Structure formats: C-alpha cells, structure tokens
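Participant: I'm passing along query06.txt; it holds compact mmCIF, C-alpha atoms and all ligand atoms.
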# COMPACT_ATOMS: atom_id res chain seq x y z
CA MET A 1 -6.83 15.51 19.75
CA SER A 2 -10.37 16.55 19.00
CA GLY A 3 -13.54 15.33 17.35
CA ASN A 4 -14.65 11.79 18.08
CA THR A 5 -12.31 11.10 20.98
CA GLU A 6 -15.21 10.87 23.42
CA GLU A 7 -16.24 7.58 21.84
CA PRO A 8 -13.02 5.96 20.71
CA LYS A 9 -14.05 2.50 21.80
CA ASP A 10 -17.24 2.37 19.75
CA LEU A 11 -15.56 3.86 16.75
CA ARG A 12 -12.74 1.35 16.97
CA LYS A 13 -15.21 -1.49 17.20
CA TYR A 14 -17.16 -0.20 14.24
CA LEU A 15 -14.05 0.21 12.15
CA GLN A 16 -12.83 -3.23 13.11
CA GLN A 17 -16.16 -4.71 12.03
CA SER A 18 -16.21 -3.22 8.56
CA HIS A 19 -12.60 -4.27 8.33
CA ASP A 20 -13.40 -7.87 9.21
CA ARG A 21 -16.15 -7.78 6.60
CA ILE A 22 -13.60 -7.31 3.84
CA PHE A 23 -11.69 -10.38 5.00
CA ASP A 24 -14.82 -12.49 5.48
CA ASN A 25 -16.04 -11.52 2.03
CA ASN A 26 -12.67 -12.28 0.51
CA ARG A 27 -12.53 -15.79 2.07
CA LYS A 28 -16.05 -16.50 0.86
CA TRP A 29 -15.21 -15.41 -2.67
CA ALA A 30 -11.99 -17.44 -2.77
CA GLU A 31 -13.82 -20.59 -1.63
CA GLU A 32 -16.57 -20.12 -4.21
CA GLN A 33 -14.02 -19.67 -6.99
CA LYS A 34 -12.08 -22.76 -5.95
CA ALA A 35 -15.26 -24.85 -5.81
CA LYS A 36 -16.32 -23.67 -9.28
CA HIS A 37 -12.91 -23.88 -10.96
CA PRO A 38 -10.29 -25.82 -8.98
CA GLU A 39 -7.53 -24.53 -11.31
CA PHE A 40 -8.59 -20.89 -11.05
CA PHE A 41 -5.88 -19.55 -8.73
CA THR A 42 -3.11 -21.81 -9.99
CA LYS A 43 -3.64 -20.50 -13.51
CA LEU A 44 -3.70 -16.88 -12.38
CA SER A 45 -0.47 -17.43 -10.47
CA ALA A 46 1.29 -18.35 -13.68
CA GLY A 47 1.02 -14.84 -15.13
CA GLN A 48 -1.24 -12.23 -16.71
CA SER A 49 -1.95 -11.49 -20.37
CA PRO A 50 -4.83 -9.03 -20.36
CA GLU A 51 -6.23 -7.83 -23.69
CA TYR A 52 -7.51 -4.59 -22.26
CA LEU A 53 -6.17 -1.55 -20.45
CA TRP A 54 -8.88 0.40 -18.61
CA ILE A 55 -8.39 4.00 -17.54
CA GLY A 56 -11.37 4.98 -15.44
CA CYS A 57 -12.52 7.28 -12.67
CA SER A 58 -11.78 6.33 -9.03
CA ASP A 59 -15.52 6.66 -8.32
CA SER A 60 -16.64 3.73 -6.14
CA ARG A 61 -19.71 3.13 -8.30
CA MET A 62 -17.83 1.96 -11.39
CA PRO A 63 -15.68 -1.09 -10.61
CA ALA A 64 -14.36 -1.86 -14.09
CA GLU A 65 -14.41 -5.65 -13.95
CA ALA A 66 -17.92 -5.81 -12.49
CA ILE A 67 -19.55 -3.48 -15.02
CA THR A 68 -17.93 -5.22 -18.01
CA GLY A 69 -18.41 -8.76 -16.73
CA LEU A 70 -14.72 -9.63 -17.01
CA GLU A 71 -12.86 -12.20 -14.92
CA PRO A 72 -9.68 -11.56 -12.92
CA GLY A 73 -6.73 -11.59 -15.32
CA GLU A 74 -8.50 -9.97 -18.27
CA MET A 75 -8.09 -6.23 -17.76
CA PHE A 76 -5.16 -4.10 -16.60
CA ILE A 77 -6.54 -1.15 -14.65
CA HIS A 78 -5.64 2.41 -13.73
CA ARG A 79 -8.14 4.63 -11.93
CA ASN A 80 -7.74 8.24 -10.87
CA ILE A 81 -9.85 11.35 -10.26
CA ALA A 82 -11.88 12.02 -13.44
CA ASN A 83 -9.94 9.51 -15.59
CA LEU A 84 -7.26 11.97 -16.66
CA VAL A 85 -4.22 11.22 -18.79
CA CYS A 86 -1.66 14.00 -18.33
CA ASN A 87 1.55 13.77 -20.27
CA THR A 88 3.70 14.89 -17.31
CA ASP A 89 2.14 12.36 -14.93
CA LEU A 90 4.62 9.55 -14.40
CA ASN A 91 1.96 7.44 -12.67
CA VAL A 92 -0.44 7.08 -15.62
CA MET A 93 2.39 7.16 -18.17
CA SER A 94 4.01 4.16 -16.45
CA VAL A 95 0.72 2.28 -16.66
CA VAL A 96 0.25 3.04 -20.38
CA ASN A 97 3.86 2.21 -21.08
CA TYR A 98 3.77 -1.14 -19.27
CA ALA A 99 0.40 -2.13 -20.76
CA VAL A 100 1.38 -1.28 -24.35
CA ARG A 101 5.07 -2.18 -24.51
CA HIS A 102 5.23 -5.12 -22.10
CA LEU A 103 1.72 -6.63 -21.89
CA LYS A 104 0.87 -5.69 -25.49
CA VAL A 105 -2.80 -4.97 -24.81
CA LYS A 106 -5.06 -4.83 -27.87
CA HIS A 107 -7.53 -2.23 -26.60
CA ILE A 108 -7.34 0.80 -24.34
CA VAL A 109 -10.63 2.05 -22.92
CA VAL A 110 -10.90 5.49 -21.34
CA CYS A 111 -14.11 5.46 -19.34
CA GLY A 112 -15.72 8.44 -17.65
CA HIS A 113 -19.17 8.67 -16.12
CA TYR A 114 -22.07 11.08 -15.97
CA GLY A 115 -22.32 12.81 -12.61
CA CYS A 116 -18.54 12.77 -12.11
CA GLY A 117 -17.63 14.60 -8.89
CA GLY A 118 -14.20 15.50 -10.24
CA VAL A 119 -15.63 17.14 -13.35
CA LYS A 120 -18.23 18.95 -11.26
CA ALA A 121 -15.55 20.22 -8.85
CA ALA A 122 -13.61 21.59 -11.83
CA MET A 123 -16.69 23.58 -12.92
CA THR A 124 -16.94 25.15 -9.48
CA PRO A 125 -15.35 28.58 -9.01
CA GLN A 126 -13.55 27.63 -5.82
CA ASP A 127 -10.03 27.10 -4.51
CA LEU A 128 -9.75 23.37 -3.79
CA GLY A 129 -6.17 23.45 -2.54
CA LEU A 130 -4.20 20.32 -3.37
CA LEU A 131 -6.76 19.35 -6.02
CA ASN A 132 -6.30 22.55 -8.05
CA PRO A 133 -3.45 21.38 -10.30
CA TRP A 134 -5.15 18.04 -11.08
CA LEU A 135 -8.57 19.54 -11.79
CA ARG A 136 -6.97 22.28 -13.85
CA ASN A 137 -6.73 19.71 -16.67
CA ILE A 138 -10.52 19.54 -16.83
CA ARG A 139 -10.81 23.32 -16.89
CA ASP A 140 -8.45 23.21 -19.88
CA VAL A 141 -10.79 20.75 -21.62
CA TYR A 142 -13.60 23.26 -21.07
CA ARG A 143 -11.49 26.03 -22.61
CA LEU A 144 -10.78 23.87 -25.70
CA HIS A 145 -14.53 23.43 -26.22
CA GLU A 146 -15.72 26.72 -24.76
CA ALA A 147 -17.90 27.74 -27.70
CA GLU A 148 -19.80 24.43 -27.80
CA LEU A 149 -20.24 24.18 -24.03
CA ASP A 150 -21.29 27.80 -23.55
CA LYS A 151 -24.13 27.24 -26.02
CA ILE A 152 -25.70 24.57 -23.76
CA THR A 153 -27.97 26.51 -21.45
CA GLU A 154 -29.11 23.70 -19.17
CA GLU A 155 -26.44 23.17 -16.53
CA ASP A 156 -26.85 19.37 -16.20
CA LYS A 157 -26.61 18.92 -19.96
CA ARG A 158 -23.51 21.12 -20.14
CA TYR A 159 -21.91 19.09 -17.38
CA ASP A 160 -22.77 15.77 -19.13
CA ARG A 161 -21.25 17.07 -22.33
CA LEU A 162 -18.06 18.13 -20.51
CA VAL A 163 -17.81 14.58 -19.13
CA GLU A 164 -17.93 13.26 -22.73
CA LEU A 165 -15.50 15.82 -24.11
CA ASN A 166 -13.11 15.07 -21.25
CA VAL A 167 -13.09 11.37 -22.19
CA VAL A 168 -12.36 12.23 -25.83
CA GLU A 169 -9.50 14.57 -24.85
CA GLN A 170 -7.97 11.94 -22.53
CA ALA A 171 -8.25 9.32 -25.29
CA ARG A 172 -6.40 11.75 -27.56
CA ASN A 173 -3.75 12.17 -24.86
CA ILE A 174 -3.19 8.41 -24.90
CA ILE A 175 -2.91 8.42 -28.69
CA LYS A 176 -0.26 11.14 -28.37
CA THR A 177 2.09 8.84 -26.43
CA ALA A 178 5.12 7.39 -28.16
CA ALA A 179 4.21 3.92 -26.88
CA VAL A 180 0.80 3.87 -28.63
CA GLN A 181 1.98 5.50 -31.88
CA GLN A 182 4.95 3.17 -32.24
CA SER A 183 3.03 0.03 -31.35
CA TYR A 184 0.21 0.89 -33.74
CA ALA A 185 2.65 1.56 -36.60
CA LYS A 186 4.22 -1.84 -36.04
CA ASN A 187 1.29 -4.06 -34.91
CA GLN A 188 -1.95 -2.24 -35.81
CA PHE A 189 -2.87 -2.25 -32.12
CA PRO A 190 -3.79 -1.01 -29.54
CA ILE A 191 -7.02 0.71 -30.51
CA VAL A 192 -8.11 3.49 -28.17
CA HIS A 193 -11.80 3.81 -27.21
CA GLY A 194 -13.80 6.43 -25.28
CA TRP A 195 -16.79 5.38 -23.19
CA VAL A 196 -19.11 6.91 -20.61
CA PHE A 197 -20.88 4.97 -17.86
CA GLY A 198 -24.37 6.00 -16.69
CA PHE A 199 -25.46 5.23 -13.12
CA HIS A 200 -29.12 5.66 -13.95
CA ASP A 201 -29.18 2.52 -16.14
CA GLY A 202 -25.80 0.86 -15.55
CA LEU A 203 -24.97 0.97 -19.26
CA LEU A 204 -21.81 1.96 -21.07
CA LYS A 205 -22.10 4.45 -23.93
CA ASP A 206 -19.54 4.27 -26.72
CA LEU A 207 -18.53 7.76 -27.86
CA GLU A 208 -17.44 6.16 -31.12
CA ILE A 209 -14.04 7.74 -31.34
CA ASP A 210 -12.63 7.32 -34.84
CA PHE A 211 -9.22 5.97 -33.78
CA GLU A 212 -7.51 6.16 -37.16
CA GLY A 213 -8.88 9.63 -37.79
CA GLN A 214 -7.77 10.89 -34.37
CA LEU A 215 -4.34 9.33 -34.82
CA LYS A 216 -3.89 11.11 -38.15
CA SER A 217 -5.08 14.40 -36.75
CA ILE A 218 -2.79 14.39 -33.70
CA GLN A 219 0.23 13.24 -35.71
CA LYS A 220 0.40 16.55 -37.57
CA ILE A 221 1.92 18.00 -34.39
CA TYR A 222 2.48 15.11 -31.96
CA ASN A 223 4.10 12.52 -34.22
CA LEU A 224 6.50 10.41 -32.13
CA THR A 225 6.57 7.34 -34.38
CA MET A 226 10.23 7.62 -35.32
CA VAL A 227 12.58 6.09 -32.74
CA MET B 1 -11.03 -16.50 -35.65
CA PRO B 2 -11.62 -13.73 -33.14
CA THR B 3 -11.01 -10.23 -34.44
CA LEU B 4 -10.14 -7.00 -32.64
CA ALA B 5 -13.77 -5.89 -32.83
CA ASP B 6 -14.99 -9.09 -31.10
CA ALA B 7 -13.03 -8.20 -27.97
CA ILE B 8 -14.95 -4.95 -27.68
CA GLU B 9 -18.28 -6.63 -28.44
CA ARG B 10 -17.56 -8.88 -25.48
CA LEU B 11 -17.29 -5.94 -23.08
CA VAL B 12 -20.47 -4.40 -24.42
CA ALA B 13 -22.35 -7.68 -24.02
CA GLY B 14 -20.87 -8.19 -20.54
CA ASN B 15 -22.04 -4.73 -19.56
CA ARG B 16 -25.58 -5.33 -20.82
CA GLU B 17 -25.74 -8.48 -18.78
CA TYR B 18 -24.42 -6.67 -15.72
CA ALA B 19 -27.03 -3.91 -16.05
CA GLN B 20 -29.84 -6.41 -16.49
CA ARG B 21 -28.78 -8.60 -13.58
CA ALA B 22 -28.23 -5.67 -11.24
CA ALA B 23 -31.68 -4.28 -12.06
CA GLU B 24 -33.30 -7.70 -11.56
CA ALA B 25 -31.57 -8.25 -8.21
CA ASP B 26 -32.59 -4.81 -6.97
CA PRO B 27 -34.96 -2.66 -9.04
CA ASN B 28 -33.72 0.35 -7.07
CA ALA B 29 -30.00 -0.37 -7.62
CA PHE B 30 -29.40 2.33 -10.20
CA VAL B 31 -31.72 4.85 -8.58
CA GLU B 32 -29.58 4.57 -5.44
CA LEU B 33 -26.29 4.74 -7.33
CA SER B 34 -27.47 7.85 -9.21
CA LYS B 35 -27.89 9.70 -5.93
CA GLY B 36 -24.20 9.73 -5.09
CA GLN B 37 -21.40 7.77 -3.49
CA ALA B 38 -20.38 7.32 0.14
CA PRO B 39 -17.61 4.70 0.10
CA GLU B 40 -16.07 3.71 3.45
CA VAL B 41 -12.77 2.59 2.01
CA LEU B 42 -10.13 4.04 -0.29
CA TRP B 43 -8.34 1.15 -2.01
CA ILE B 44 -4.84 1.74 -3.38
CA GLY B 45 -3.82 -1.35 -5.34
CA CYS B 46 -1.74 -2.63 -8.22
CA ALA B 47 -2.93 -2.19 -11.83
CA ASP B 48 -2.39 -5.95 -12.28
CA SER B 49 -5.39 -7.55 -13.99
CA ARG B 50 -5.44 -10.41 -11.48
CA VAL B 51 -6.31 -8.22 -8.48
CA PRO B 52 -9.71 -6.64 -9.25
CA GLU B 53 -10.49 -5.16 -5.85
CA THR B 54 -14.29 -5.28 -5.92
CA THR B 55 -14.36 -8.93 -7.02
CA VAL B 56 -11.62 -10.03 -4.65
CA CYS B 57 -13.26 -8.32 -1.64
CA HIS B 58 -16.68 -9.52 -2.77
CA CYS B 59 -17.86 -5.92 -2.55
CA LYS B 60 -20.58 -4.04 -4.41
CA PRO B 61 -20.36 -0.97 -6.61
CA GLY B 62 -20.27 1.99 -4.22
CA ASP B 63 -18.13 0.27 -1.57
CA LEU B 64 -14.55 1.07 -2.59
CA PHE B 65 -13.04 4.27 -3.97
CA VAL B 66 -10.14 3.10 -6.10
CA HIS B 67 -6.68 4.11 -7.23
CA ARG B 68 -4.57 1.52 -9.06
CA ASN B 69 -1.10 1.97 -10.53
CA ILE B 70 2.05 -0.04 -11.26
CA ALA B 71 3.01 -1.82 -8.01
CA ASN B 72 0.56 0.13 -5.80
CA CYS B 73 3.07 2.89 -5.12
CA VAL B 74 2.38 6.07 -3.21
CA HIS B 75 5.32 8.35 -4.03
CA ALA B 76 5.63 11.63 -2.14
CA ASP B 77 5.95 13.67 -5.35
CA ASP B 78 3.05 12.02 -7.22
CA LEU B 79 0.14 14.40 -7.77
CA ASN B 80 -2.11 11.70 -9.25
CA ALA B 81 -2.25 9.55 -6.11
CA ALA B 82 -2.14 12.61 -3.82
CA SER B 83 -5.24 13.99 -5.56
CA VAL B 84 -7.10 10.70 -5.14
CA VAL B 85 -6.21 10.64 -1.43
CA GLU B 86 -7.24 14.28 -0.99
CA TYR B 87 -10.60 13.74 -2.69
CA ALA B 88 -11.35 10.48 -0.86
CA VAL B 89 -10.24 11.57 2.60
CA ALA B 90 -11.04 15.30 2.76
CA HIS B 91 -14.17 15.35 0.56
CA LEU B 92 -15.76 11.87 0.62
CA LYS B 93 -14.52 11.25 4.17
CA VAL B 94 -13.67 7.58 3.81
CA LYS B 95 -13.00 5.82 7.12
CA LYS B 96 -10.09 3.66 6.02
CA VAL B 97 -7.32 3.65 3.50
CA VAL B 98 -6.08 0.26 2.30
CA VAL B 99 -2.79 -0.20 0.46
CA CYS B 100 -2.75 -3.65 -1.10
CA GLY B 101 0.26 -5.32 -2.68
CA HIS B 102 0.26 -8.86 -4.05
CA THR B 103 2.37 -11.95 -4.66
CA LYS B 104 3.84 -12.44 -8.17
CA CYS B 105 3.79 -8.67 -8.71
CA GLY B 106 5.56 -7.75 -11.95
CA GLY B 107 6.61 -4.42 -10.45
CA ALA B 108 8.09 -5.98 -7.30
CA ASN B 109 9.74 -8.64 -9.41
CA ALA B 110 11.28 -6.05 -11.74
CA ALA B 111 12.59 -4.23 -8.66
CA LEU B 112 14.64 -7.31 -7.70
CA GLY B 113 17.02 -6.43 -10.52
CA ASP B 114 18.08 -3.37 -12.52
CA ALA B 115 16.98 -4.44 -16.00
CA ASP B 116 16.27 -1.46 -18.26
CA LEU B 117 12.48 -1.12 -18.60
CA GLY B 118 12.64 2.21 -20.40
CA GLN B 119 13.00 5.61 -18.77
CA THR B 120 9.39 5.99 -17.69
CA LEU B 121 9.17 2.69 -15.80
CA ASN B 122 12.73 2.93 -14.49
CA THR B 123 11.85 6.25 -12.89
CA TRP B 124 8.54 5.03 -11.50
CA LEU B 125 10.11 1.91 -9.96
CA HIS B 126 13.26 3.63 -8.71
CA PRO B 127 11.99 3.99 -5.11
CA VAL B 128 11.08 0.28 -5.06
CA ARG B 129 14.55 -0.65 -6.33
CA GLU B 130 16.02 1.55 -3.60
CA LEU B 131 14.04 -0.48 -1.05
CA ARG B 132 15.67 -3.62 -2.40
CA ARG B 133 19.14 -2.11 -2.01
CA LYS B 134 18.34 -0.93 1.51
CA HIS B 135 17.15 -4.38 2.60
CA LYS B 136 19.69 -6.41 0.63
CA ALA B 137 20.96 -8.47 3.57
CA GLU B 138 17.47 -9.56 4.60
CA LEU B 139 16.42 -10.35 1.02
CA ASP B 140 19.59 -12.36 0.34
CA ARG B 141 18.67 -14.72 3.14
CA LEU B 142 15.35 -15.66 1.52
CA PRO B 143 15.15 -18.97 -0.38
CA ASP B 144 14.14 -17.76 -3.86
CA ASP B 145 13.03 -14.83 -6.02
CA ASP B 146 9.33 -15.49 -5.40
CA ALA B 147 9.88 -15.03 -1.66
CA ARG B 148 12.07 -11.98 -2.29
CA ALA B 149 9.39 -10.39 -4.51
CA VAL B 150 6.77 -10.92 -1.78
CA ARG B 151 9.06 -9.31 0.79
CA VAL B 152 9.71 -6.36 -1.55
CA ALA B 153 5.94 -6.04 -2.07
CA GLU B 154 5.47 -5.92 1.72
CA LEU B 155 8.22 -3.34 2.20
CA ASN B 156 6.71 -1.30 -0.61
CA VAL B 157 3.26 -1.34 1.00
CA GLN B 158 4.86 -0.20 4.24
CA GLN B 159 6.71 2.58 2.44
CA SER B 160 3.50 3.73 0.74
CA ILE B 161 1.82 3.85 4.15
CA ASP B 162 4.67 5.95 5.52
CA VAL B 163 4.14 8.43 2.67
CA LEU B 164 0.36 8.41 3.22
CA LYS B 165 0.81 9.28 6.88
CA GLN B 166 2.44 12.54 5.78
CA HIS B 167 -0.46 13.53 3.50
CA PRO B 168 -2.12 16.58 5.08
CA ALA B 169 -5.67 15.22 4.65
CA VAL B 170 -4.72 11.85 6.18
CA LYS B 171 -2.97 13.48 9.15
CA LYS B 172 -5.96 15.66 9.84
CA ALA B 173 -8.59 12.94 9.43
CA ALA B 174 -6.61 10.51 11.59
CA THR B 175 -6.56 13.02 14.44
CA ASP B 176 -10.05 14.47 14.00
CA ARG B 177 -12.15 11.43 13.19
CA GLY B 178 -10.08 8.27 13.59
CA LEU B 179 -9.20 7.50 9.97
CA THR B 180 -7.03 4.38 9.81
CA VAL B 181 -4.51 3.13 7.24
CA HIS B 182 -4.02 -0.58 6.58
CA GLY B 183 -1.47 -2.62 4.66
CA MET B 184 -2.40 -5.89 2.93
CA ILE B 185 -0.93 -8.48 0.62
CA TYR B 186 -3.16 -10.41 -1.78
CA ASP B 187 -1.98 -13.97 -2.38
CA LEU B 188 -2.72 -14.70 -6.05
CA GLY B 189 -2.23 -18.44 -5.65
CA ALA B 190 -4.77 -18.79 -2.84
CA GLY B 191 -7.05 -15.83 -3.52
CA HIS B 192 -6.56 -14.66 0.06
CA LEU B 193 -5.95 -11.23 1.53
CA ARG B 194 -3.44 -11.03 4.37
CA LEU B 195 -3.19 -8.10 6.75
CA LEU B 196 0.34 -6.81 7.30
CA GLU B 197 1.59 -6.42 10.81
CA GLU B 198 3.32 -3.15 11.37
CA SER B 199 6.91 -3.77 12.33
CA GLY B 200 8.09 -2.33 15.62
CA ARG B 201 4.57 -2.15 17.01
CA LYS B 202 3.71 -4.43 19.89
CA LYS B 203 0.09 -5.23 19.19
CA GLY B 204 0.34 -5.39 15.44
CA ASN B 205 -3.21 -5.62 14.13
CA GLY B 206 -2.32 -3.76 10.95
CA LEU B 207 -4.15 -0.67 12.11
CA TRP B 208 -2.32 2.57 12.21
CA SER B 209 -3.45 5.45 14.35
CA PRO B 210 -1.70 8.69 15.23
CA THR B 211 0.34 8.69 18.41
ZN ZN C 301 -15.75 10.49 -11.51
ZN ZN C 302 1.49 -5.85 -9.20
What does this structure look like when you write it as structure tokens?
Ligand SMILES: [Zn+2]
Ligand SMILES: [Zn+2]

Facilitator:
Amino acid sequence: MSGNTEEPKDLRKYLQQSHDRIFDNNRKWAEEQKAKHPEFFTKLSAGQSPEYLWIGCSDSRMPAEAITGLEPGEMFIHRNIANLVCNTDLNVMSVVNYAVRHLKVKHIVVCGHYGCGGVKAAMTPQDLGLLNPWLRNIRDVYRLHEAELDKITEEDKRYDRLVELNVVEQARNIIKTAAVQQSYAKNQFPIVHGWVFGFHDGLLKDLEIDFEGQLKSIQKIYNLTMV
Amino acid sequence: MPTLADAIERLVAGNREYAQRAAEADPNAFVELSKGQAPEVLWIGCADSRVPETTVCHCKPGDLFVHRNIANCVHADDLNAASVVEYAVAHLKVKKVVVCGHTKCGGANAALGDADLGQTLNTWLHPVRELRRKHKAELDRLPDDDARAVRVAELNVQQSIDVLKQHPAVKKAATDRGLTVHGMIYDLGAGHLRLLEESGRKKGNGLWSPT
C-alpha cells in the first residue's frame, strides 16, 4: 500500500459523499419526472423504439441526450474513446448490428468533438501502452489524409481538421457494415451522419456527409449487400 | 407526415435550444467546458435508449466519462472497453467506476435463452449466456422471466466488476489512490438506481476496495 493511505478515513468519507450525490440526484429526477408525467416510467418499461443510434466520444462534456434535447427512450447510444468504429471490434459491431437489424433505427450519428483528448493523444509521438492499438486507428486516419493535413501549418487547426476527418472515416466504416448496406437496400434507411460538437459554443456542426455518394463509393470494394 | 429529414432537424433544433439555455443559465458554461474535463466517475452502462446516464443521475456535462455497449459488458478480451478504462483511470484519474445494469434489459433477456441473434450478437452475449447456465438452479427458482432477467443483469454487473478488478490501471489506482468500483441496477419502471451489495462480503455497501 502507498499513496493516500495516511488519510483513508477522509478519502472514504469524500468518496461516499459524491457517491450519495448520485443517488440523491437520481431520486430527485425520478420524482420530478413522475410529477410531470405520471405515465413516464410505465411507458418506458414497456419497451424501446429509438429512431437514432449515436456513436460518440466517451468525453464527459458531451452527454448525447442532453446536447440534443432528447428524452429517455429516443436514442440508442455507444460511446468510446474518440468515437471509433473498427471492423474487428465486436463491441461496437454488436451495437450497430442490434440497432440496425433489431431496433431498425432510421438515423446513425457519428459525433466527434473539437479538442478531443483521444485524437490529441494519437498525434503525440509517445508510447501509451494499452491505448496504442486503439489510438492506432486515428493515426491511420491521419495517414489516409496526410497530404491535406500536412498542408495545415497551425497545429490547432490541423488537429481540428483531423477530428473532422476522423468522424467522416468512422461514418464510412459504419456504411461498410453488412447490416447498414443490406438494410438500406431493403428499407432506404438508416442514413449515416457525421457531426462535430464544439465546447466553445455548445453547438453541433453537420459535416454534411453525402450518404448516397459515400455508399456508392465504398461499395466498389466493400459491397456486402448480397446475402 | 414526418419525413426522415425531420428527425434530424429535431436534433439540430434541440441542440440549439440546449446551447442557448446553457449559456443563459451560466454565461461561463462553455468557457469552462472548453478548458478541459475532470470527471470524477467513469460510467459503464447499457446502450439502451431508456438509460441516459447524465439525465438519470441528474448530472451536468463534465461529470461522467461514459462507455455504453450492449448489456453493459466488460469482457476481458475487449479492447474498446479496456481502452476507455485505461484512459479514464490512468489519464483522467477518475475516483470511481460505476457499472450499471438495468431491469428489462434486452441483452439480459436474450441471454435467458439461446435464440440465434446472428453471429456478432451471439458472440458478444456468449459470456452472459454462460452466466445463465452457471446459475441455472437459482434462476429456475425465480417466479418469472422478468425476475430472471434482473438477476442475470445483476450477475452480469458483478462479472464485469470482476473483470475490471483485473485491469492493470484499476488495480494500480485502487492501491495507490483509493479508486473504488461500484455495481448498480437501474429500475426502468421506477426510475431509481439501486446499489448492488457484493455477495460474500459482510458489510456490503457496494464499494469494492483492494484487500
Ligand atoms: Zn473525445
Ligand atoms: Zn440493456
């Protein structure tokens, strides 16, 4: 044992307090909801049929439902470091699969954010241990757009642009899945969108991904429509 | 009749309203958020749309670092969740990790049987289905499938916590600075969070600390 062991009692107390806060807050919220809409929780209990799947960064500053003004039950959500969609990752692939094939969501939003710590870490020439293989995906995005990014001399601007390009690449990775291609061929949904959130103004920026165009372009090589 | 484009317009309008309200409530809100994040809690929850962590905990942006997947699983071989834990614990130095399951979980419910959900989901849920097989006797005694799904959700939270305890960053932070790991179940029908008692521990307050 080392570190804070000289003050375990205070630390315990402190941790217990912030812990209690979560429960107090939760009770307060539940009461408010019930007062406003008596049927609120009964209806939610019956099942979910969200229209949206959100794939966003784990960053604490972008809680998806809060920044889009949606109610519980409206958006299925996956969040990971730097909103990556890797085709060998069973975790995100299960989410996409369930959302598209079982919940039949109409829209998939990949949302990154300026000032992303994950993207910044991937631009740092440093061994980050366990994070290396995950962040490697962002370094690969850089390599795909090396010429464009290298031309941006200001570091902050280059980093902002990498955040945007990363969102576009991850949106393309979603379009490459069999689930999305097959559902779109049959139902004309889901549509995949790429957005970036800015902490300086709290606004979402639409990168205006041309879904149909991207679908056509990836299908030259990644066509998985045929069952 | 609503069109596909209307659904997206709704999010954009909702976001504009959020930005405006947040700025009105605190003119410095976005200046502060731009500076960086220092969340105290890593939240590992289900992707289910009915359990939005920040709303349910009545928290603010900046409070919870979040990973959400199908049935709030932490599998030992999953690099996605392991990377989130590494970043949150070793770099952001969160003080607690919460694993939160919930009642009426589609993942837990699917794990009660062996219906074919396709190879991807079958593989992801395999460890949860194994839990069901392992605890068959106990689950059989429960009155109905709703109760069984809740019990599977609890067992799954406990299993995720067991995996988390083996994560190198969690081990180190628990010893060095008192990081704690907590299991919870969110009751969809009541809107309440319930702390899980750790089985086999005398004073079960849901806190885990290294022995
Ligand atoms: Zn980020
Ligand atoms: Zn669930």

Participant: Using only C-alpha atoms and all ligand atoms, find each protein or nucleic acid residue lying at most 9 Å from ligand ZN 302 (chain C); present the set as a VMD selection string.

Facilitator: chain B and resid 45 to 51 69 to 72 101 to 109 153

Participant: Hey, which residues sit close to ligand ZN 301 (chain C)? Say within 8 Å, counting all atoms listed in the file, and write them as a VMD selection string.

Facilitator: chain A and resid 57 to 59 81 to 83 112 to 119

Participant: Enter the distance from CA of Phe197 (chain A) to CA of Tyr184 (chain A), in Å, rounded to one decimal.

Facilitator: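 Distance reported for this atom pair: 26.7 Å.
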
Participant: Please identify all residues of chain B having at least one atom at most 6 Å from any atom of chain A, considering all atoms listed in the file, and return them as a PyMOL selection string.

Facilitator: chain B and resi 11+14-15+18-19+30+33-34+47-50+56-58+61-69+83-84+120-121+175-177+188-189+191

Participant: Quick one: distance from CA of Ala178 (chain A) to CA of Thr225 (chain A) in Å, one decimal?

Facilitator: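 Straight-line distance from CA of Ala178 (chain A) to CA of Thr225 (chain A) works out to 6.4 Å.
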
Participant: From the set A:Cys111, A:Val227, A:Ile138, A:Val192, which residue has the shortest atom-to-atom contact distance to Thr124 (chain A), counting all atoms listed in the file?

Facilitator: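 Once distances to Thr124 (chain A) are computed over all atoms listed in the file, the minimum belongs to A:Ile138.
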
Participant: May I ask for the distance between CA of Val152 (chain B) and CA of Arg132 (chain B), given in Å to one decimal place?

Facilitator: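 Going from CA of Val152 (chain B) over to CA of Arg132 (chain B), I get 6.6 Å.
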
Participant: Just want the 9 Å neighbourhood of Val163 (chain B), counted on all atoms listed in the file, with same-chain residues fewer than 6 positions away dropped. Output as a PyMOL selection string.

Facilitator: chain B and resi 74-76

Participant: Please complete region 30-42 of chain A so it has N, CA and C atoms, and hand it over as a compact mmCIF listing (two decimals), in the coordinates of the input.

Facilitator:
# COMPACT_ATOMS: atom_id res chain seq x y z
N ALA A 30 -13.06 -16.52 -2.39
CA ALA A 30 -11.99 -17.44 -2.77
C ALA A 30 -12.49 -18.89 -2.73
N GLU A 31 -13.29 -19.23 -1.72
CA GLU A 31 -13.82 -20.59 -1.63
C GLU A 31 -14.76 -20.90 -2.79
N GLU A 32 -15.63 -19.94 -3.10
CA GLU A 32 -16.57 -20.12 -4.21
C GLU A 32 -15.83 -20.36 -5.53
N GLN A 33 -14.79 -19.55 -5.75
CA GLN A 33 -14.02 -19.67 -6.99
C GLN A 33 -13.38 -21.05 -7.09
N LYS A 34 -12.80 -21.48 -5.97
CA LYS A 34 -12.08 -22.76 -5.95
C LYS A 34 -13.06 -23.93 -6.19
N ALA A 35 -14.25 -23.80 -5.62
CA ALA A 35 -15.26 -24.85 -5.81
C ALA A 35 -15.69 -24.91 -7.28
N LYS A 36 -15.87 -23.72 -7.89
CA LYS A 36 -16.32 -23.67 -9.28
C LYS A 36 -15.23 -24.11 -10.25
N HIS A 37 -14.04 -23.53 -10.09
CA HIS A 37 -12.91 -23.88 -10.96
C HIS A 37 -11.70 -24.18 -10.09
N PRO A 38 -11.42 -25.46 -9.86
CA PRO A 38 -10.29 -25.82 -8.98
C PRO A 38 -8.94 -25.24 -9.45
N GLU A 39 -8.81 -25.00 -10.78
CA GLU A 39 -7.53 -24.53 -11.31
C GLU A 39 -7.41 -23.01 -11.30
N PHE A 40 -8.49 -22.35 -10.89
CA PHE A 40 -8.59 -20.89 -11.05
C PHE A 40 -7.35 -20.14 -10.57
N PHE A 41 -6.97 -20.34 -9.30
CA PHE A 41 -5.88 -19.55 -8.73
C PHE A 41 -4.51 -20.01 -9.21
N THR A 42 -4.38 -21.31 -9.48
CA THR A 42 -3.11 -21.81 -9.99
C THR A 42 -2.81 -21.17 -11.34
